[in-house]
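These notes are about the structure you will find just below.
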Amino acid sequence: YIVLEAMAAGRSGVATRVDGARCGVGGTGCGVLAEVGDVASIAAALRRMVAFEPREREALAARGQAALLERFTIERMLDGLLTTYAEVA
C-alpha cells in the first residue's frame with residue numbers, strides 16, 4: 001500500500017520487485033525497482049534516483065499519480081470484484 005500512497009501523493013521512489021510494487025512502480029514507470037534482499041541492487045537504485053534531475057523525478061511522480069488515478073479507482077476495483085463474484089456464483 002505504501003507504493004500506492006506515494007503515487008497518490010505525487011512522489012517517485014525506490015521499491016523492491018514484489019508483486020504490488022512491481023505493478024505500481026514498474027508498471028507505470030514512476031520510480032526505480034531493485035531486487036528483493038539485494039543490498040547492492042537497492043543501493044544502485046537509490047543512487048539512480050538521487051542522480052535524476054529534479055524535473056525527471058517530477059516527471060516520474062506525475063506518471064505515477066496519473067496511472068494511479070486511471071488504474072486504481074474505486075470503480076475499477078468494484079467492477080473487478082463484481083466480475084469475480086459473477087464468475088464464482
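Residues in the C-alpha cells are named by chain (A, B, ... in the order shown) and by number from 1 within that chain; ligands are numbered from 1 in the order shown.
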- [ ] Compile the contact shell of range 59-74 of chain A as a list in words: residues with an atom at most 6 Å away, counting only C-alpha atoms, same-chain residues fewer than 2 positions apart removed.
- [x]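 My list of contacting residues is Met7, Ala8, Gly10, Arg11, Ser12, Thr28, Cys30, Glu56, Arg57, Arg76 and Met77 of chain A.
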TODO: Enumerate as a PyMOL selection string all residues of chain A assigned to strand (DSSP E) by DSSP on the backbone, naming them with the chain letters and numbers the document uses.
DONE: chain A and resi 13-16+31-34
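Between CA of Gly37 in chain A and CA of Phe52 in chain A the separation is 23.7 Å.
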TODO: Just the helix (DSSP H, G or I) stuff from chain A, please, per backbone DSSP, written as number ranges by chain.
DONE: A: 2-8, 19-28, 39-51, 54-71, 74-88
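Proximity ranking of A:Pro54, A:Met49, A:Ala15, A:Gly20 relative to Leu33 in chain A places A:Ala15 first, based on only C-alpha atoms.
Here CA of Arg55 in chain A is placed at a distance of 24.7 Å from CA of Arg17 in chain A.
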Open item on the list: For a test of reading the model, state the distance in Å between CA of Ala43 in chain A and CA of Ala9 in chain A, rounded to one decimal.
Closed with: 23.7 Å
TODO: Would you mind telling me which residue in A:Arg48, A:Ile2, A:Val18, A:Ala86 lies nearest to Val36 in chain A when using only C-alpha atoms?
DONE: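 The shortest atom-to-atom distance to Val36 in chain A comes from A:Val18.
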Task: Pick from A:Ala40, A:Val3, A:Ala34, A:Leu82, whichever lies nearest to Ala21 in chain A using only C-alpha atoms - done: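 Closest residue, counting only C-alpha atoms: A:Val3.
Minimum distance to Arg47 in chain A across A:Gly29, A:Gly80, A:Glu75, A:Val14 (counting only C-alpha atoms) occurs at A:Val14.
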